[in-house]
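To start, the structure under review is shown below, and the notes come after it.
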Amino acid sequence: MVFSSPVFLFFYLTVTLALYFVVPLKWRNLVLLVVSLLFYGWGERAYVLIMVLSIAIDYVHGILVEKYRADDKKARWFVAQSVIFNLLLLGFFKYYNFIAANLSLIPGVALPDLNVHLPIGISFFTFQTMSYTIDVYRKDAPVQKNVVAFGAFVTMFPQLIAGPIVKYKQVAAELDHRICTAEGFAKGALRFTVGLAKKVLLANSVGALWEAQLAAQSAGTLSAFGGWLGLIAFSFQIYFDFSGYSDMAIGLGYIFGFTFPENFDHPYLSKSVTEFWRRWHMSLTSWFREYVYIPLGGNRGGTVKTLRNILIVWTLTGIWHGASWNFLLWGLYFAAWLILEKYILRNVLVRTPSAVKHLYTLLVAAVGWGIFAIEDLGRCWAYLRVCFGGGALWSAGDGYLLKSYGLTLVILALASTTLGLRLWERLPERARQITAPVLMLAGLTVCTAYLVDNSYNPFLYFRF
């Protein structure tokens, strides 16, 4: 995949930065729009027009909302048109194949087999454009009358493919007036390198362990120990893969003069499932809370309505991730735990030792990642059944895998905490200034060598 090619990305970033900082400030949005469209079009040639159409429709609807603000009925209708268009766009490309396949199981019911291709990143950029007209209507953001600036916001390639989800109001001021400084460039370059190292050196290194356990299940040799080893491996892989990409996007944002929202806050330190979802994919959680949960009434309408709202939000969160029954089940799984914690376990957790709460949260999250990762529900159930004693407790290959990946897992566990950040902040300022460029250069060198030498380089969230 072109987006995962280190040669392509290095060349593209170099050319983009050269163009971006050479042109006058007033042309930088245009440069950002053009290079972002080229970046997306390089891998999704047939679908770049879909993005252009999305930009045009939401840009026009934002202006119409502002123009007819005095007529609330008309303004709300234009907001509704924008939301409906984005949902239809997302629904067709992401869910048509799934709906058609399931309807075909009903005798006499069938939709045409269109074999619709899923454009990369569509879940992210449709949510961004959808929030724009809503924020303009709410007066949370000014209307953008410059179509180039609006296009740059929608297509911004650093976070276009896998987030974080940026609301227009978060970058509205920076689209019109931003300053790129040497300090911002240095901060962004360091953050980008940290993210690249997370993805390449940590996520990729443990991904093979998860693949090995899936292979063991296929061969009928999966044990309970091996099953949990696999779930732990995938938990680390998806965290460092996704948070690494988010760090790279945030770092590039600093370089270009933008401040993107943080997307992760050490979620594996959480002591409840509720806290976990305050720390994991925070931009998505925030989006659903602001544009779905609160408009539905949040927790203000009594227990029944609160339960309804939680179920709606987590049903949508599940299917947002993919058109498959396992994603719906995954969303409902976490909805159930959040409801349990809110109404039944809350007082119990208050009295529970921190270590136990932490372990409980990690176990719930790991099982959830198993549901998330294995799309075939029959195979998913079989895998989890083995983890909970439905097979051998230990297999001949478990010792070898534990020996091979033991140190890696320890490193990943430590990297999931705030230890590294705390040690870094304890260094004197002068020591950090000297050490940062050295570590950054070393990190870029090692990551590049690893990418060139290793063909295993998946970005897990590209398919969402």
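In the structure tokens, chains take the letters A, B, ... in the order shown, each chain's residues start at 1, and ligands count up from 1 in the order shown.
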
(message) Applying 7 Å and only C-alpha atoms, which residues near range 262-272 of chain A remain after dropping the ones on its own chain fewer than 5 positions away? List them as a list in words.
(response) Pro164, Ser243, Ser246, Arg279, Trp280, His281, Met282, Ser283, Ser354, Lys357, His358, Thr361, Leu362, Ser416 and Thr417 of chain A

Could the residues in this selection be written to a file with N, CA and C atoms, as a PDB file, in the first residue's frame?
```pdb
ATOM      1  N   PRO A 164      -6.316  11.908  14.488  1.00  0.00           N
ATOM      2  CA  PRO A 164      -7.544  12.083  15.272  1.00  0.00           C
ATOM      3  C   PRO A 164      -8.608  12.877  14.518  1.00  0.00           C
ATOM      4  N   SER A 243      -2.106   4.818  18.395  1.00  0.00           N
ATOM      5  CA  SER A 243      -1.585   5.994  19.097  1.00  0.00           C
ATOM      6  C   SER A 243      -0.322   6.500  18.400  1.00  0.00           C
ATOM      7  N   SER A 246      -1.540   8.572  15.574  1.00  0.00           N
ATOM      8  CA  SER A 246      -2.055   9.835  16.109  1.00  0.00           C
ATOM      9  C   SER A 246      -0.909  10.774  16.475  1.00  0.00           C
ATOM     10  N   ARG A 279      -9.828   7.763  27.961  1.00  0.00           N
ATOM     11  CA  ARG A 279      -8.418   7.853  27.589  1.00  0.00           C
ATOM     12  C   ARG A 279      -8.124   7.283  26.195  1.00  0.00           C
ATOM     13  N   TRP A 280      -9.030   6.456  25.648  1.00  0.00           N
ATOM     14  CA  TRP A 280      -8.788   5.785  24.371  1.00  0.00           C
ATOM     15  C   TRP A 280      -9.562   6.487  23.251  1.00  0.00           C
ATOM     16  N   HIS A 281      -8.899   6.762  22.130  1.00  0.00           N
ATOM     17  CA  HIS A 281      -9.530   7.384  20.959  1.00  0.00           C
ATOM     18  C   HIS A 281     -10.421   8.529  21.416  1.00  0.00           C
ATOM     19  N   MET A 282      -9.809   9.464  22.123  1.00  0.00           N
ATOM     20  CA  MET A 282     -10.574  10.522  22.788  1.00  0.00           C
ATOM     21  C   MET A 282     -11.317  11.413  21.803  1.00  0.00           C
ATOM     22  N   SER A 283     -10.783  11.583  20.601  1.00  0.00           N
ATOM     23  CA  SER A 283     -11.468  12.445  19.633  1.00  0.00           C
ATOM     24  C   SER A 283     -12.777  11.816  19.157  1.00  0.00           C
ATOM     25  N   SER A 354      -6.762  -0.672  44.076  1.00  0.00           N
ATOM     26  CA  SER A 354      -6.394  -0.135  42.765  1.00  0.00           C
ATOM     27  C   SER A 354      -5.839  -1.200  41.834  1.00  0.00           C
ATOM     28  N   LYS A 357      -8.664  -3.244  40.415  1.00  0.00           N
ATOM     29  CA  LYS A 357      -9.420  -2.461  39.426  1.00  0.00           C
ATOM     30  C   LYS A 357      -8.652  -2.362  38.113  1.00  0.00           C
ATOM     31  N   HIS A 358      -7.361  -2.187  38.215  1.00  0.00           N
ATOM     32  CA  HIS A 358      -6.529  -2.092  37.016  1.00  0.00           C
ATOM     33  C   HIS A 358      -6.540  -3.406  36.243  1.00  0.00           C
ATOM     34  N   THR A 361      -9.906  -3.982  34.505  1.00  0.00           N
ATOM     35  CA  THR A 361     -10.061  -3.162  33.297  1.00  0.00           C
ATOM     36  C   THR A 361      -9.271  -3.740  32.133  1.00  0.00           C
ATOM     37  N   LEU A 362      -8.049  -4.195  32.407  1.00  0.00           N
ATOM     38  CA  LEU A 362      -7.221  -4.768  31.351  1.00  0.00           C
ATOM     39  C   LEU A 362      -7.843  -6.049  30.793  1.00  0.00           C
ATOM     40  N   SER A 416       3.630   1.561  27.861  1.00  0.00           N
ATOM     41  CA  SER A 416       2.215   1.936  27.988  1.00  0.00           C
ATOM     42  C   SER A 416       1.961   2.843  29.180  1.00  0.00           C
ATOM     43  N   THR A 417       2.965   3.012  30.027  1.00  0.00           N
ATOM     44  CA  THR A 417       2.822   3.839  31.226  1.00  0.00           C
ATOM     45  C   THR A 417       3.415   5.226  30.977  1.00  0.00           C
TER      46      THR A 417
END
```

(request) Identify, on the basis of only C-alpha atoms, every residue whose closest approach to Gly207 in chain A does not exceed 10 Å; exclude the query and any residue fewer than 4 positions from it along the same chain; express the result as a ChimeraX atom specification. (result) /A:202-203,211-212,230,233-238,241,456-458

(request) Between A:Leu229, A:Met248, A:Ala197, A:Val136, single out the one closest to Lys403 in chain A, counting only C-alpha atoms. (result)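 For Lys403 in chain A, the nearest of the candidates is A:Leu229.
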
Hey, what's within 9 Å of Ser82 in chain A if we count only C-alpha atoms and toss same-chain stuff fewer than 5 positions away? As a PDB file with N, CA, C and O atoms, in the first residue's frame, please?
```pdb
ATOM      1  N   ILE A  57     -20.296  20.344  -0.869  1.00  0.00           N
ATOM      2  CA  ILE A  57     -21.628  20.318  -0.265  1.00  0.00           C
ATOM      3  C   ILE A  57     -21.617  20.916   1.132  1.00  0.00           C
ATOM      4  O   ILE A  57     -22.470  21.748   1.477  1.00  0.00           O
ATOM      5  N   ASP A  58     -20.651  20.546   1.949  1.00  0.00           N
ATOM      6  CA  ASP A  58     -20.639  21.065   3.321  1.00  0.00           C
ATOM      7  C   ASP A  58     -20.218  22.529   3.364  1.00  0.00           C
ATOM      8  O   ASP A  58     -20.694  23.290   4.224  1.00  0.00           O
ATOM      9  N   HIS A  61     -23.384  24.375   2.390  1.00  0.00           N
ATOM     10  CA  HIS A  61     -24.397  24.299   3.454  1.00  0.00           C
ATOM     11  C   HIS A  61     -24.015  25.133   4.668  1.00  0.00           C
ATOM     12  O   HIS A  61     -24.889  25.677   5.358  1.00  0.00           O
ATOM     13  N   GLY A  62     -22.737  25.246   4.941  1.00  0.00           N
ATOM     14  CA  GLY A  62     -22.312  26.127   6.022  1.00  0.00           C
ATOM     15  C   GLY A  62     -22.686  27.574   5.740  1.00  0.00           C
ATOM     16  O   GLY A  62     -23.173  28.298   6.633  1.00  0.00           O
ATOM     17  N   TRP A  77     -32.917  22.932   8.505  1.00  0.00           N
ATOM     18  CA  TRP A  77     -33.092  22.070   7.346  1.00  0.00           C
ATOM     19  C   TRP A  77     -31.784  21.939   6.561  1.00  0.00           C
ATOM     20  O   TRP A  77     -31.437  20.869   6.087  1.00  0.00           O
ATOM     21  N   LEU A  87     -24.093  11.057   5.965  1.00  0.00           N
ATOM     22  CA  LEU A  87     -24.466   9.720   6.411  1.00  0.00           C
ATOM     23  C   LEU A  87     -24.740   8.793   5.224  1.00  0.00           C
ATOM     24  O   LEU A  87     -24.379   7.604   5.256  1.00  0.00           O
ATOM     25  N   THR A 129     -16.451  16.683   8.400  1.00  0.00           N
ATOM     26  CA  THR A 129     -17.281  17.602   7.626  1.00  0.00           C
ATOM     27  C   THR A 129     -18.688  17.701   8.218  1.00  0.00           C
ATOM     28  O   THR A 129     -19.303  18.767   8.191  1.00  0.00           O
ATOM     29  N   MET A 130     -19.172  16.604   8.771  1.00  0.00           N
ATOM     30  CA  MET A 130     -20.505  16.608   9.366  1.00  0.00           C
ATOM     31  C   MET A 130     -20.577  17.565  10.557  1.00  0.00           C
ATOM     32  O   MET A 130     -21.588  18.253  10.769  1.00  0.00           O
ATOM     33  N   THR A 133     -21.087  21.953   9.801  1.00  0.00           N
ATOM     34  CA  THR A 133     -22.355  22.688   9.696  1.00  0.00           C
ATOM     35  C   THR A 133     -23.099  22.717  11.036  1.00  0.00           C
ATOM     36  O   THR A 133     -23.780  23.694  11.351  1.00  0.00           O
ATOM     37  N   ILE A 134     -22.948  21.651  11.816  1.00  0.00           N
ATOM     38  CA  ILE A 134     -23.582  21.631  13.144  1.00  0.00           C
ATOM     39  C   ILE A 134     -22.983  22.725  14.019  1.00  0.00           C
ATOM     40  O   ILE A 134     -23.706  23.468  14.701  1.00  0.00           O
TER      41      ILE A 134
END
```

(request) May I ask which of the residues A:Trp394, A:Phe39, A:Tyr168, A:Phe372 is the closest one to Trp325 in chain A, counting only C-alpha atoms? (result)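 That would be A:Phe372, the residue with the smallest distance to Trp325 in chain A.
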
(request) Could you please determine the separation between CA of Ala152 in chain A and CA of Ser36 in chain A in Å, to one decimal place? (result)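 So the two atoms, CA of Ala152 in chain A and CA of Ser36 in chain A, lie 7.6 Å apart.
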
(message) Which residue is closest to Leu90 in chain A? Choose from A:Gly226, A:Pro295, A:Gly244, A:Gly322 and count only C-alpha atoms.
(response) A:Gly322

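The coordinates place CA of Ile50 in chain A at 12.4 Å from CA of His117 in chain A.
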
(message) Which residue is closest to Ala18 in chain A? Choose from A:Ile255, A:Thr221, A:Val109, A:Ile84 and count only C-alpha atoms.
(response) A:Ile255

(request) Name the residues of range 239-445 of chain A that fall into alpha helix (DSSP H) according to DSSP on the backbone, using the chain letters and numbers of this document, as JSON, numbers by chain. (result) {"A": [239, 240, 241, 242, 243, 244, 245, 246, 247, 248, 249, 250, 251, 252, 253, 254, 255, 256, 273, 274, 275, 276, 277, 278, 279, 282, 283, 284, 285, 286, 287, 288, 303, 304, 305, 306, 307, 308, 309, 310, 311, 312, 313, 314, 315, 316, 317, 318, 319, 320, 321, 325, 326, 327, 328, 329, 330, 331, 332, 333, 334, 335, 336, 337, 338, 339, 340, 341, 342, 343, 346, 347, 348, 349, 350, 351, 354, 355, 356, 357, 358, 359, 360, 361, 362, 363, 364, 365, 366, 367, 368, 369, 370, 371, 372, 373, 377, 378, 379, 380, 381, 382, 383, 384, 385, 386, 387, 398, 399, 400, 401, 402, 403, 404, 405, 406, 407, 408, 409, 410, 411, 412, 413, 414, 415, 419, 420, 421, 422, 423, 424, 425, 426, 429, 430, 431, 432, 433, 434, 435, 436, 437, 438, 439, 440, 441, 442, 443, 444, 445]}

(message) As an exercise, work out the distance from CA of Val292 in chain A to CA of Val313 in chain A in Å and give it to one decimal place.
(response)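 Here the two named atoms are 6.8 Å from each other.
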
(request) Name the residues in contact with Thr274 in chain A at a cut-off of 8 Å, using only C-alpha atoms, excluding same-chain residues fewer than 3 positions from it; report them as a PyMOL selection string. (result) chain A and resi 277-278+338+341

I need the residues from that last selection saved to file as a compact mmCIF listing (two decimals), in the first residue's frame (with N, CA, C and O atoms), if you can.
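Contents of the output file selection16.txt:
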```
# COMPACT_ATOMS: atom_id res chain seq x y z
N TRP A 277 -12.38 4.53 28.43
CA TRP A 277 -12.94 5.21 27.27
C TRP A 277 -12.85 6.72 27.37
O TRP A 277 -13.21 7.43 26.43
N ARG A 278 -12.37 7.23 28.48
CA ARG A 278 -12.00 8.65 28.54
C ARG A 278 -10.58 8.85 28.04
O ARG A 278 -10.17 9.97 27.74
N LEU A 338 -20.14 -0.46 30.55
CA LEU A 338 -20.34 0.92 31.01
C LEU A 338 -21.62 1.06 31.82
O LEU A 338 -21.67 1.78 32.83
N GLU A 341 -21.03 -0.54 35.22
CA GLU A 341 -20.24 0.31 36.11
C GLU A 341 -21.06 1.51 36.61
O GLU A 341 -20.89 1.95 37.75
```

(request) Pick out the residues sitting within 12 Å of range 302-308 of chain A, and hand them over as a VMD selection string; count only C-alpha atoms, and ignore anything fewer than 3 positions along from it in its own chain. (result) chain A and resid 292 to 299 311 to 315 332 335 to 340 342 to 343

(message) So that I can see what lies close to Val446 in chain A, please list as a list in words the residues with an atom at most 9 Å from it, counting only C-alpha atoms and leaving out residues fewer than 4 positions away in the same chain.
(response)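 Using only C-alpha atoms, the neighbours found are Ala197, Leu201, Leu441, Ala442, Tyr450 and Leu451 of chain A.
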
(message) Here is a test: counting only C-alpha atoms, which residue of A:Leu38, A:Leu118, A:Val48, A:Leu89 is nearest to Phe157 in chain A?
(response)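 Of the candidates, the smallest distance to Phe157 in chain A is held by A:Leu38.
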
(request) Measuring atom to atom with only C-alpha atoms, identify which of A:Ala323, A:Glu66, A:Thr155, A:Val52 is nearest to Val35 in chain A. (result)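 The closest residue to Val35 in chain A is A:Thr155.
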